Each structure stands twice: as C-alpha cells, then as structure tokens.
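Trainee: So here's query.csv, just CSV, C-alpha atoms:
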chain,number,residue,atom,x,y,z
A,251,MET,CA,0.0,0.0,0.0
A,252,ARG,CA,1.3,3.4,-1.0
A,253,LEU,CA,1.3,6.1,1.8
A,254,ALA,CA,0.6,9.8,1.1
A,255,HIS,CA,3.6,12.0,1.1
A,256,PRO,CA,3.7,14.3,4.2
A,257,ARG,CA,4.1,17.4,2.0
A,258,GLY,CA,0.9,16.5,0.1
A,259,LEU,CA,-1.0,16.2,3.3
A,260,LEU,CA,0.2,19.6,4.4
A,261,LEU,CA,-0.9,21.2,1.1
A,262,ALA,CA,-4.3,19.7,1.4
A,263,ALA,CA,-4.8,21.0,4.9
A,264,VAL,CA,-3.7,24.5,3.8
A,265,ALA,CA,-6.1,24.4,0.9
A,266,ALA,CA,-9.0,23.4,3.2
A,267,VAL,CA,-8.3,26.3,5.5
A,268,VAL,CA,-8.2,28.8,2.6
A,269,LEU,CA,-11.4,27.5,1.2
A,270,SER,CA,-13.1,27.7,4.6
A,271,ALA,CA,-11.9,31.3,5.1
A,272,CYS,CA,-13.3,32.3,1.7
A,273,SER,CA,-16.8,30.7,2.2
A,274,THR,CA,-19.8,32.9,3.4
A,275,PRO,CA,-20.8,32.1,7.0
A,276,GLU,CA,-24.3,31.1,7.7
A,277,PRO,CA,-26.4,34.0,9.2
A,278,VAL,CA,-27.2,33.5,12.9
A,279,VAL,CA,-31.0,33.9,13.5
A,280,VAL,CA,-31.9,35.0,17.1
A,281,VAL,CA,-35.5,33.9,17.9
A,282,GLU,CA,-37.0,35.8,20.8
A,283,ALA,CA,-39.3,33.9,23.0
A,284,PRO,CA,-42.9,35.2,22.8
A,285,PRO,CA,-44.2,37.0,25.9
A,286,PRO,CA,-46.2,34.7,28.2
A,287,PRO,CA,-49.9,34.8,27.7
A,288,PRO,CA,-51.8,37.1,30.0
A,289,PRO,CA,-53.3,35.5,33.1
A,290,PRO,CA,-57.0,34.6,32.9
A,291,VAL,CA,-59.7,36.7,34.6
A,292,THR,CA,-59.5,35.7,38.2
A,293,LEU,CA,-61.6,36.8,41.2
A,294,ASN,CA,-61.1,35.2,44.6
A,295,GLN,CA,-63.7,33.3,46.6
A,296,GLY,CA,-63.8,35.9,49.3
A,297,VAL,CA,-65.4,38.5,47.0
A,298,ALA,CA,-68.0,36.0,46.0
A,299,ASP,CA,-68.7,35.2,49.6
A,300,ALA,CA,-69.1,38.8,50.5
A,301,ALA,CA,-71.4,39.4,47.6
A,302,SER,CA,-73.6,36.4,48.5
A,303,ILE,CA,-74.2,38.0,51.9
A,304,TYR,CA,-75.7,41.1,50.3
A,305,VAL,CA,-77.7,39.2,47.7
A,306,SER,CA,-79.2,36.8,50.1
A,307,PHE,CA,-80.1,39.5,52.7
A,308,ILE,CA,-81.7,41.8,50.2
A,309,ARG,CA,-83.7,38.8,48.8
A,310,ASP,CA,-84.8,38.0,52.4
A,311,VAL,CA,-85.9,41.6,53.1
A,312,GLY,CA,-87.8,41.4,49.8
A,313,THR,CA,-90.1,38.8,51.3
A,314,ILE,CA,-91.5,41.3,53.9
A,315,PRO,CA,-95.2,41.6,53.0
A,316,ALA,CA,-96.1,45.0,51.5
A,317,GLY,CA,-99.8,44.2,51.7
A,318,GLY,CA,-100.2,43.9,55.4
A,319,PHE,CA,-99.2,41.8,58.4
A,320,GLN,CA,-101.6,39.2,59.9
A,321,ASP,CA,-100.7,39.6,63.6
A,322,ALA,CA,-98.2,41.2,66.0
A,323,GLU,CA,-95.9,38.2,65.9
A,324,SER,CA,-95.5,38.5,62.1
A,325,ILE,CA,-94.4,42.1,62.6
A,326,GLN,CA,-91.7,41.0,65.1
A,327,ALA,CA,-90.6,38.2,62.8
A,328,ALA,CA,-90.1,40.7,59.9
A,329,MET,CA,-88.3,43.0,62.3
A,330,ARG,CA,-85.9,40.2,63.3
A,331,ARG,CA,-85.2,39.4,59.6
A,332,GLY,CA,-84.7,42.9,58.5
A,333,ALA,CA,-82.6,44.0,61.4
A,334,ALA,CA,-80.2,41.1,61.1
A,335,TYR,CA,-77.4,42.9,59.3
A,336,ASP,CA,-74.1,44.5,60.2
A,337,PRO,CA,-73.7,47.8,58.2
A,338,ALA,CA,-70.0,47.2,57.5
A,339,THR,CA,-70.5,43.7,56.2
A,340,LEU,CA,-73.5,44.6,54.1
A,341,SER,CA,-71.7,47.6,52.6
A,342,ARG,CA,-68.8,45.5,51.7
A,343,GLY,CA,-71.1,42.9,50.2
A,344,MET,CA,-72.8,45.5,48.0
A,345,ILE,CA,-69.5,46.6,46.6
A,346,ALA,CA,-68.3,43.0,46.1
A,347,TYR,CA,-71.6,42.3,44.3
A,348,GLY,CA,-71.1,45.4,42.1
A,349,SER,CA,-67.6,44.1,41.0
A,350,ILE,CA,-69.2,40.8,39.9
A,351,LEU,CA,-71.8,42.7,38.0
A,352,ALA,CA,-69.1,44.7,36.3
A,353,LEU,CA,-67.4,41.5,35.2
A,354,GLN,CA,-70.5,40.6,33.2
A,355,SER,CA,-69.7,43.5,30.9
A,356,PRO,CA,-67.7,42.3,27.8
A,357,GLU,CA,-66.9,45.9,26.9
A,358,PHE,CA,-65.2,46.4,30.3
A,359,VAL,CA,-63.4,43.1,30.6
A,360,GLN,CA,-62.1,43.2,27.0
A,361,GLY,CA,-61.2,46.9,27.4
A,362,VAL,CA,-59.2,46.3,30.6
A,363,ARG,CA,-57.5,43.2,29.2
A,364,THR,CA,-55.9,45.2,26.4
A,365,TYR,CA,-53.5,46.2,29.1
A,366,ALA,CA,-52.8,42.6,30.1
A,367,ALA,CA,-50.8,41.5,27.1
A,368,ASP,CA,-47.8,43.6,28.0
A,369,PRO,CA,-46.4,42.8,31.4
A,370,THR,CA,-45.1,46.3,32.0
A,371,SER,CA,-48.5,47.9,31.1
A,372,ARG,CA,-50.3,45.3,33.2
A,373,ALA,CA,-48.1,46.0,36.3
A,374,GLU,CA,-48.6,49.8,35.9
A,375,VAL,CA,-52.4,49.5,35.7
A,376,ILE,CA,-52.5,47.2,38.7
A,377,ALA,CA,-50.4,49.6,40.7
A,378,ASN,CA,-52.6,52.5,39.8
A,379,LEU,CA,-55.8,50.7,40.7
A,380,THR,CA,-54.3,49.6,44.1
A,381,ARG,CA,-53.1,53.2,44.8
A,382,ASP,CA,-56.3,55.0,43.7
A,383,PRO,CA,-59.5,53.1,42.8
A,384,ALA,CA,-60.8,56.1,40.9
A,385,TYR,CA,-58.3,55.1,38.1
A,386,ALA,CA,-60.9,52.4,37.2
A,387,ALA,CA,-63.4,55.1,36.1
A,388,GLY,CA,-61.2,56.0,33.1
A,389,LEU,CA,-60.6,52.4,31.8
A,390,PRO,CA,-62.3,51.3,28.6
A,391,GLY,CA,-65.8,50.0,29.1
A,392,ALA,CA,-66.2,51.5,32.5
A,393,ALA,CA,-69.5,53.3,31.5
A,394,ALA,CA,-71.0,50.0,30.3
A,395,ALA,CA,-70.0,48.2,33.5
A,396,ALA,CA,-71.3,51.0,35.7
A,397,GLY,CA,-74.6,50.8,33.8
A,398,LEU,CA,-74.9,47.1,34.7
A,399,ILE,CA,-74.3,47.9,38.4
A,400,ALA,CA,-76.8,50.7,38.4
A,401,ALA,CA,-79.5,48.8,36.5
A,402,THR,CA,-79.2,45.6,38.6
A,403,LEU,CA,-79.2,47.4,42.0
A,404,GLY,CA,-81.8,49.7,40.7
A,405,HIS,CA,-84.2,46.7,40.4
A,406,ASP,CA,-83.5,46.0,44.1
A,407,ILE,CA,-84.1,49.7,45.0
A,408,ALA,CA,-87.4,49.6,43.2
A,409,THR,CA,-88.5,46.4,44.9
A,410,LEU,CA,-87.6,47.6,48.4
A,411,THR,CA,-89.2,51.0,47.8
A,412,ALA,CA,-92.5,49.4,46.8
A,413,ILE,CA,-92.4,47.3,50.0
A,414,ALA,CA,-91.6,50.3,52.2
A,415,GLU,CA,-94.5,52.3,50.7
A,416,GLY,CA,-96.8,49.4,51.3
A,417,VAL,CA,-95.8,48.8,54.9
A,418,GLU,CA,-95.7,52.5,55.9
A,419,GLY,CA,-99.1,53.1,54.2
A,420,ASP,CA,-100.6,50.2,56.0
A,421,ALA,CA,-99.4,51.6,59.3
A,422,TYR,CA,-101.1,54.9,58.5
A,423,THR,CA,-104.3,53.1,57.5
A,424,ILE,CA,-104.4,51.3,60.9
A,425,GLN,CA,-103.8,54.5,62.8
A,426,GLU,CA,-106.5,56.4,60.9
A,427,ARG,CA,-109.2,53.8,60.6
A,428,ARG,CA,-108.8,51.7,63.7
A,429,ASP,CA,-110.0,48.6,61.8
A,430,PRO,CA,-111.7,46.4,64.4
A,431,ARG,CA,-110.4,43.3,62.5
A,432,ARG,CA,-106.9,44.4,63.4
A,433,ARG,CA,-107.4,45.6,66.9
A,434,TRP,CA,-104.2,43.8,67.8
A,435,ALA,CA,-102.2,46.4,65.9
A,436,VAL,CA,-103.2,49.2,68.2
A,437,GLN,CA,-102.5,47.3,71.4
A,438,PRO,CA,-99.4,48.3,73.4
A,439,ILE,CA,-96.3,46.2,72.5
A,440,ALA,CA,-95.5,43.7,75.3
A,441,SER,CA,-92.0,43.9,76.8
A,442,ARG,CA,-90.9,46.9,74.6
A,443,GLU,CA,-87.5,47.1,76.3
A,444,VAL,CA,-86.8,43.4,75.8
A,445,ARG,CA,-87.9,43.6,72.2
A,446,LEU,CA,-85.5,46.5,71.6
A,447,GLU,CA,-82.5,44.8,73.2
A,448,SER,CA,-83.3,41.6,71.2
A,449,VAL,CA,-83.2,43.6,68.0
A,450,LYS,CA,-79.8,45.2,69.0
A,451,THR,CA,-78.4,41.7,69.7
A,452,ILE,CA,-79.6,40.4,66.3
A,453,SER,CA,-78.1,43.4,64.7
A,454,SER,CA,-74.6,42.6,66.1
A,455,GLY,CA,-74.7,39.0,64.9
A,456,GLN,CA,-72.3,37.7,62.3
A,457,MET,CA,-73.6,37.6,58.7
A,458,LEU,CA,-72.6,34.3,56.9
A,459,PRO,CA,-72.3,33.8,53.2
A,460,SER,CA,-74.8,31.7,51.3
A,461,ALA,CA,-73.0,28.7,49.8
A,462,GLU,CA,-75.4,28.4,46.9
A,463,ASP,CA,-75.3,32.1,46.0
A,464,SER,CA,-71.5,32.3,46.6
A,465,ALA,CA,-70.9,29.4,44.1
A,466,ARG,CA,-73.1,31.0,41.5
A,467,LEU,CA,-71.5,34.4,41.8
A,468,PHE,CA,-68.0,32.9,41.9
A,469,ALA,CA,-68.7,31.1,38.6
A,470,ALA,CA,-70.2,34.1,37.0
A,471,ALA,CA,-67.3,36.4,38.0
A,472,ASN,CA,-64.6,34.1,36.6
A,473,SER,CA,-66.5,33.2,33.4
A,474,GLY,CA,-68.1,36.6,32.7
A,475,SER,CA,-71.5,35.1,32.1
A,476,GLY,CA,-74.4,33.4,33.9
A,477,LEU,CA,-76.3,36.3,35.4
A,478,SER,CA,-78.2,37.5,32.2
A,479,LEU,CA,-77.9,41.2,32.9
A,480,THR,CA,-79.0,44.2,30.9
A,481,GLY,CA,-78.2,47.8,31.4
A,482,THR,CA,-77.5,51.2,29.7
A,483,SER,CA,-74.1,52.8,29.9
A,484,VAL,CA,-73.7,55.4,32.7
A,485,GLU,CA,-71.1,58.1,32.2
A,486,ALA,CA,-68.8,59.3,34.9
A,487,PRO,CA,-68.7,60.8,37.5
A,488,PHE,CA,-69.4,57.6,39.4
A,489,THR,CA,-70.2,57.3,43.1
A,490,PRO,CA,-67.4,56.1,45.4
A,491,ALA,CA,-69.1,52.7,45.8
A,492,VAL,CA,-69.3,52.1,42.0
A,493,VAL,CA,-65.7,53.2,41.6
A,494,HIS,CA,-64.6,50.6,44.2
A,495,SER,CA,-66.6,47.9,42.4
A,496,LEU,CA,-65.0,48.8,39.1
A,497,ALA,CA,-61.5,48.8,40.6
A,498,ILE,CA,-62.0,45.2,42.0
A,499,ALA,CA,-63.4,44.1,38.7
A,500,ALA,CA,-60.5,45.7,36.8
A,501,LEU,CA,-58.0,43.8,38.9
A,502,ALA,CA,-59.9,40.6,38.3
A,503,ALA,CA,-59.9,41.3,34.5
A,504,LEU,CA,-56.1,41.6,34.7
A,505,GLY,CA,-55.8,38.4,36.6
A,506,ALA,CA,-54.7,40.2,39.7
A,507,ALA,CA,-57.6,39.5,42.1
A,508,GLY,CA,-57.0,35.9,42.9
A,509,ASP,CA,-56.3,34.4,46.3
A,510,GLU,CA,-53.0,36.0,46.5
A,511,ALA,CA,-54.7,39.4,46.2
A,512,ARG,CA,-57.3,39.0,48.9
A,513,SER,CA,-55.9,41.9,50.9
A,514,SER,CA,-56.3,44.2,48.0
A,515,THR,CA,-59.9,43.2,47.1
A,516,GLU,CA,-60.9,43.4,50.8
A,517,ALA,CA,-59.4,46.9,51.1
A,518,LEU,CA,-61.3,48.0,48.0
A,519,SER,CA,-64.6,46.7,49.3
A,520,ILE,CA,-64.5,49.2,52.1
A,521,GLU,CA,-66.2,52.5,51.3
A,522,THR,CA,-67.1,54.9,54.1
A,523,ASN,CA,-70.0,56.7,52.6
A,524,ALA,CA,-72.0,53.6,51.9
A,525,GLN,CA,-71.3,52.2,55.4
A,526,PHE,CA,-72.1,55.5,57.1
A,527,CYS,CA,-75.6,55.5,55.5
A,528,LEU,CA,-76.3,52.0,56.8
A,529,ASP,CA,-74.9,52.9,60.2
A,530,MET,CA,-77.2,55.8,60.5
A,531,SER,CA,-80.2,53.7,59.4
A,532,LYS,CA,-79.5,51.2,62.1
A,533,LEU,CA,-79.2,53.9,64.7
A,534,ASN,CA,-82.5,55.5,63.6
A,535,LEU,CA,-84.2,52.0,63.7
A,536,PHE,CA,-83.2,51.7,67.4
A,537,GLN,CA,-84.5,55.2,68.1
A,538,CYS,CA,-87.7,54.4,66.3
A,539,LEU,CA,-88.3,51.2,68.3
A,540,ALA,CA,-87.5,53.0,71.5
A,541,ALA,CA,-90.3,55.5,70.8
A,542,SER,CA,-92.7,53.0,69.4
A,543,ARG,CA,-95.6,51.7,71.5
A,544,PRO,CA,-98.4,50.0,69.5
A,545,SER,CA,-97.6,47.3,66.9
A,546,TYR,CA,-98.5,49.6,64.0
A,547,GLU,CA,-95.7,51.9,65.0
A,548,ASP,CA,-93.3,49.0,64.8
A,549,MET,CA,-94.7,48.4,61.3
A,550,PHE,CA,-93.7,52.0,60.5
A,551,CYS,CA,-90.2,51.4,61.9
A,552,ILE,CA,-89.8,48.4,59.6
A,553,GLY,CA,-91.0,50.2,56.6
A,554,ARG,CA,-89.0,53.4,57.2
A,555,HIS,CA,-85.8,52.3,58.8
A,556,ILE,CA,-85.3,48.9,57.5
A,557,VAL,CA,-86.8,48.6,54.0
A,558,ARG,CA,-86.9,52.2,52.8
A,559,ASP,CA,-83.5,53.0,54.3
A,560,LEU,CA,-81.9,50.0,52.6
A,561,ALA,CA,-83.4,51.3,49.3
A,562,THR,CA,-82.1,54.8,50.0
A,563,CYS,CA,-78.6,53.8,51.0
A,564,THR,CA,-78.3,51.6,48.0
A,565,SER,CA,-79.5,54.4,45.7
A,566,GLU,CA,-77.1,56.9,47.2
A,567,ALA,CA,-74.3,54.4,46.8
A,568,VAL,CA,-74.8,53.6,43.1
A,569,VAL,CA,-77.2,56.1,41.5
A,570,ARG,CA,-76.8,59.5,43.1
A,571,ARG,CA,-74.8,62.1,41.1
A,572,ALA,CA,-73.0,65.3,42.4
A,573,PRO,CA,-70.9,67.9,40.6
A,574,THR,CA,-67.2,67.3,40.5
A,575,LEU,CA,-65.3,69.6,42.9
A,576,GLU,CA,-62.1,69.9,40.8
A,577,PRO,CA,-61.2,69.3,37.1
A,578,GLY,CA,-60.6,65.7,36.5
A,579,THR,CA,-62.4,64.5,39.7
A,580,VAL,CA,-64.4,61.3,38.9
A,581,VAL,CA,-65.7,60.5,42.4
A,582,ALA,CA,-68.8,62.1,43.7
A,583,GLU,CA,-68.8,62.4,47.4
A,584,VAL,CA,-72.0,61.3,49.2
A,585,THR,CA,-72.8,62.5,52.7
A,586,PRO,CA,-76.0,61.0,54.1
A,587,VAL,CA,-77.9,63.3,56.5
A,588,PRO,CA,-79.0,61.5,59.7
A,589,VAL,CA,-82.6,61.8,60.8
A,590,ALA,CA,-83.3,63.4,64.1
A,591,ALA,CA,-84.2,61.0,66.9
A,592,GLU,CA,-87.5,62.6,67.5
A,593,ALA,CA,-88.5,62.4,63.8
A,594,THR,CA,-88.5,58.6,63.4
A,595,THR,CA,-92.2,58.2,64.5
A,596,ALA,CA,-93.3,61.8,64.4
A,597,ALA,CA,-95.3,61.3,61.3
A,598,LEU,CA,-97.4,58.8,63.0
A,599,GLN,CA,-97.5,60.3,66.5
A,600,ALA,CA,-98.4,63.8,65.3
A,601,THR,CA,-101.9,62.6,64.5
A,602,GLU,CA,-102.2,60.1,67.2
A,603,PRO,CA,-105.6,60.4,68.8
A,604,GLN,CA,-105.3,61.7,72.3
A,605,PRO,CA,-107.0,59.7,75.2
A,606,ASN,CA,-110.2,61.2,76.5
Can you dump the structure from the file as structure tokens?
Mentor:
Amino acid sequence: MRLAHPRGLLLAAVAAVVLSACSTPEPVVVVEAPPPPPPPVTLNQGVADAASIYVSFIRDVGTIPAGGFQDAESIQAAMRRGAAYDPATLSRGMIAYGSILALQSPEFVQGVRTYAADPTSRAEVIANLTRDPAYAAGLPGAAAAAGLIAATLGHDIATLTAIAEGVEGDAYTIQERRDPRRRWAVQPIASREVRLESVKTISSGQMLPSAEDSARLFAAANSGSGLSLTGTSVEAPFTPAVVHSLAIAALAALGAAGDEARSSTEALSIETNAQFCLDMSKLNLFQCLAASRPSYEDMFCIGRHIVRDLATCTSEAVVRRAPTLEPGTVVAEVTPVPVAAEATTAALQATEPQPN
C-alpha cells in the first residue's frame, strides 16, 4: 500500500483552511421567546362570599309583605329578619356584588384586558388601581360596567321602595281607621325594652355567606357570564361605591384579584359613605323602636328604617350624582344626612288620637 507524502497532506490542509476562510458564513438567527400569555380573569372566593351575603339578605328583606301583616308576631318576625345585618358587612357585600356585575360587561373586561398582554403595562395599571381606585373610572368600558351595576341594583331599589311604601301606608291606615279586625295592631307592645334589646343583639350578629349564592356568583365572576344582565351605559362621575366595584373588577380582568390578592380586594370593598348611611339607618331604627308603643308603629319602623333606608342607602351608593369639585375628579362624594331621633315616628304620633 502506498502512503501519502507528508508534503501532500500539508498542502491539502492549507487548501482546506483557505477555502473555509473564503466561504460565506451562515447567518445566525436569534429567535426571541414570545411573551407569556396574559393570566385569565380571576376573582377570589372571598369577594363572591361577601357578595352572596348582600344578595341573600336583600332577597330575604324582599319577602317582607307589602300588603299587610296578619298579627303582632308576624311584625316582630319581619323585624328580626330585617334588622339582622351588620352595616360594615352589608356595605362590603354590596361593593363586592357590584364588582361581579361589572365583570359581566364584555366591553369592560375586554377593554381592561388590552393592558394585560404587555407585562409592563399590566403591572402599571395594577399599581394605579391599588393606589387609587378612581383610576378604574377611566378604563375602557367603565361606563358599560357602571350601567350594569346601576340597572341591577336599581331593580333591588325599586322592589324595596315598593315594599316600604306598602308597609308604611298600612301603618297609617291602621292608625287612621282603627280597623276592628286588626285591633291587635293598636294594642301596646308587650315587653318593649326586651324587644329593643333583642333587635340590638340580632343586629350585632355575624352575617354568613350563602353557599349556593356564593358558588353561583364565583362562577359568573370568573366566566363573565351566567347572570343574564342588561343595562344602559352610565357616564362618569361615578359614586365612590361604584368606583370601588369597578376597581375590583378591573383587577380581576387583569388576573390580579385571585387568592394572593385578597388583601387588595378586601381593602377596595370598604367605602365609608355607603357604610355610614347604613350605620345611621340602624341607629334610627333603634331610636324608632324606643319611641314605638303599639304594633302599627313597629310596622312604621320596619317600613321606614329597614326597608326604605336599605333602598335609600343603595340608591345613594350607586345612583346619586353630584358635581365634581375639581377638574378631573371622577368620584362624587355622598354624605347621608342623619334623621333626628324625634323624627322617626313623628309622622305617626303627630296625628295620634289623644286619650279622652
């Protein structure tokens, strides 16, 4: 076998190097990884639980008969049902419910999620919402979401107002006509002080979520459907309660209202104007009961300081409008005016027949 000459091998190697140096290198293509997909719409169970408390309580109050009570005990039963709320808990529940209603608006959810694709924009919006809930009023679709809140709670307001008018009107009828078939309604209430203390005890009890309502609202919040709502857009300025509801919903639309964000959603569910109105209503209820003597006056207390006040406080929280104080202000301040203690039953007692 003939071996290659060393000089020939050297020449071949040099030639290979030269050819390699003269060839065009392959271009290097750098492929950037696509950004991660935005997180899904996420609202934690705590918000649904709080909303269920409001929904179930308002539904229960809605069963108070507007057409008249059958006996004194039915009045006291309605009193116990209607007084069984904590103002702070009910106020938080209303705002939590408003956030779930806002999440039923495709315009709002899709508008907010335009900021979710870019991690930097998403983080900036989340920070703004956490720092100042009024930021939510300027997000795309906010008017449509606010319209759903106003329309849905407006239905509750109308229902409660109709019941209040019926109950108060019946109290006046009993006072004026002294119907012999309802002589029990003009009799003095037995153990008035015990009845008042019992109502105060009931009022301080813990309000628990409804498992059925909570599950339904949780599913609707995270899917954006299931409640079959309709409403007309409502333009800013929004009330503070609506602003807080929109802020919670916006965080959820950005995927930033899950279990890890419970502290944020709980903080946003607190709104002092809405709670103050309910606090004053409860105080006026106690004052009304302290002054009430016959059962028909207790009826008046139910109609005025349970049912009507719930309608009024809800209306002021979501419907009332006020001029902005400064350019760019989107939150309208609401300051409920307390009713004087002596006025709670004055409308009835002013025409009370005097004993002979």
Trainee: Need to verify the contact set: range 307-310 of chain A, 12 Å, only C-alpha atoms, exclusion of same-chain residues closer than 2 positions in sequence. Can you return it as a PyMOL selection string?
Mentor: chain A and resi 300-305+312-315+327-337+339-341+343-344+347+403+405-410+457-460+463+556-558+560-561+564
Trainee: Could you tell me how far CA of Arg445 in chain A sits from CA of Phe526 in chain A, in Å to one decimal place?
Mentor: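 These two atoms are separated by 24.9 Å.
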Trainee: Which residue out of A:Leu533, A:Cys527, A:Ala392, A:Leu479 has the minimum interatomic distance to Gln354 in chain A when only C-alpha atoms are used?
Mentor: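 Comparing A:Leu533, A:Cys527, A:Ala392, A:Leu479 against Gln354 in chain A, the winner is A:Leu479.
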Trainee: Return the single residue from A:His555, A:Arg381, A:Arg433, A:Arg466 that is closest to Ser514 in chain A, with distances computed using all atoms listed in the file.
Mentor: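 Among A:His555, A:Arg381, A:Arg433, A:Arg466, it is A:Arg381 that comes nearest to Ser514 in chain A.
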Trainee: Considering all atoms listed in the file, return as an mmCIF file with C-alpha atoms, in the coordinates of the input whatever protein or nucleic-acid residues lie within 8 Å of Ala322 in chain A, sequence-local ones (same chain, fewer than 4 positions apart) excluded.
Mentor:
data_model
loop_
_atom_site.group_PDB
_atom_site.id
_atom_site.type_symbol
_atom_site.label_atom_id
_atom_site.label_comp_id
_atom_site.auth_asym_id
_atom_site.auth_seq_id
_atom_site.Cartn_x
_atom_site.Cartn_y
_atom_site.Cartn_z
ATOM 1 C CA GLN A 326 -91.700 41.000 65.100
ATOM 2 C CA TRP A 434 -104.200 43.800 67.800
ATOM 3 C CA ALA A 435 -102.200 46.400 65.900
ATOM 4 C CA SER A 545 -97.600 47.300 66.900
#
Trainee: Residues around (-71.3, 45.0, 25.4), cut-off 12 Å, counting only C-alpha atoms - what are they as a list of chain:residue names?
Mentor: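 Nearby residues: A:Ala352, A:Leu353, A:Gln354, A:Ser355, A:Pro356, A:Glu357, A:Phe358, A:Val359, A:Gln360, A:Gly361, A:Pro390, A:Gly391, A:Ala392, A:Ala393, A:Ala394, A:Ala395, A:Ala396, A:Gly397, A:Leu398, A:Gly474, A:Ser475, A:Leu479, A:Thr480, A:Gly481, A:Thr482, A:Ser483.
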Trainee: List every protein, DNA or RNA residue that has an atom no more than 7 Å from (-60.3, 34.6, 47.8) in the file's coordinate frame, counting all atoms listed in the file, and report them as a list in words.
Mentor: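 Residues close enough to count: Asn294, Gln295, Gly296, Val297, Gly508, Asp509 and Arg512 of chain A.
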Trainee: Report the distance between CA of Ser531 in chain A and CA of Ser324 in chain A in Å, rounded to one decimal place.
Mentor: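 Those two atoms sit 21.7 Å apart.
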Trainee: If we count only C-alpha atoms and set the cut-off at 10 Å, which residues sit around Ala517 in chain A, ignoring sequence neighbours fewer than 3 positions away in its own chain? Please answer as a PyMOL selection string.
Mentor: chain A and resi 342+380+494+498+512-514+520-521
Trainee: So how far away is CA of Ala338 in chain A from CA of Ala524 in chain A, in Å?
Mentor: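 A separation of 8.7 Å between them.
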Trainee: Residues at most 8 Å from Val492 in chain A, counting only C-alpha atoms, excluding those fewer than 4 positions away in the same chain, as a list in words?
Mentor: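 The neighbour list is Ile345, Gly348, Ala396, Ile399, Phe488, Leu496, Ala567 and Val568 of chain A.
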Trainee: Please write the residues from the selection above to a file, keeping C-alpha atoms, as a CSV table (one decimal), in the frame of the given file.
Mentor:
chain,number,residue,atom,x,y,z
A,345,ILE,CA,-69.5,46.6,46.6
A,348,GLY,CA,-71.1,45.4,42.1
A,396,ALA,CA,-71.3,51.0,35.7
A,399,ILE,CA,-74.3,47.9,38.4
A,488,PHE,CA,-69.4,57.6,39.4
A,496,LEU,CA,-65.0,48.8,39.1
A,567,ALA,CA,-74.3,54.4,46.8
A,568,VAL,CA,-74.8,53.6,43.1
Trainee: Which one of A:Ala540, A:Ala440, A:Thr489, A:Gly476 sits closest to Glu323 in chain A if you count only C-alpha atoms?
Mentor: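 For Glu323 in chain A, the nearest of the candidates is A:Ala440.
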Trainee: Which residues, written as a list in words, have at least one atom at most 8 Å from Leu504 in chain A, with all atoms listed in the file counted and residues fewer than 4 positions away on the same chain left out?
Mentor: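 The residues that qualify are Pro288, Pro289, Pro290, Val291, Thr292, Val362, Arg363, Tyr365, Ala366, Arg372, Ile376 and Ala500 of chain A.
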Trainee: What does the file look like for those residues with C-alpha atoms, as an mmCIF file, keeping the file's coordinate frame?
Mentor:
data_model
loop_
_atom_site.group_PDB
_atom_site.id
_atom_site.type_symbol
_atom_site.label_atom_id
_atom_site.label_comp_id
_atom_site.auth_asym_id
_atom_site.auth_seq_id
_atom_site.Cartn_x
_atom_site.Cartn_y
_atom_site.Cartn_z
ATOM 1 C CA PRO A 288 -51.800 37.100 30.000
ATOM 2 C CA PRO A 289 -53.300 35.500 33.100
ATOM 3 C CA PRO A 290 -57.000 34.600 32.900
ATOM 4 C CA VAL A 291 -59.700 36.700 34.600
ATOM 5 C CA THR A 292 -59.500 35.700 38.200
ATOM 6 C CA VAL A 362 -59.200 46.300 30.600
ATOM 7 C CA ARG A 363 -57.500 43.200 29.200
ATOM 8 C CA TYR A 365 -53.500 46.200 29.100
ATOM 9 C CA ALA A 366 -52.800 42.600 30.100
ATOM 10 C CA ARG A 372 -50.300 45.300 33.200
ATOM 11 C CA ILE A 376 -52.500 47.200 38.700
ATOM 12 C CA ALA A 500 -60.500 45.700 36.800
#
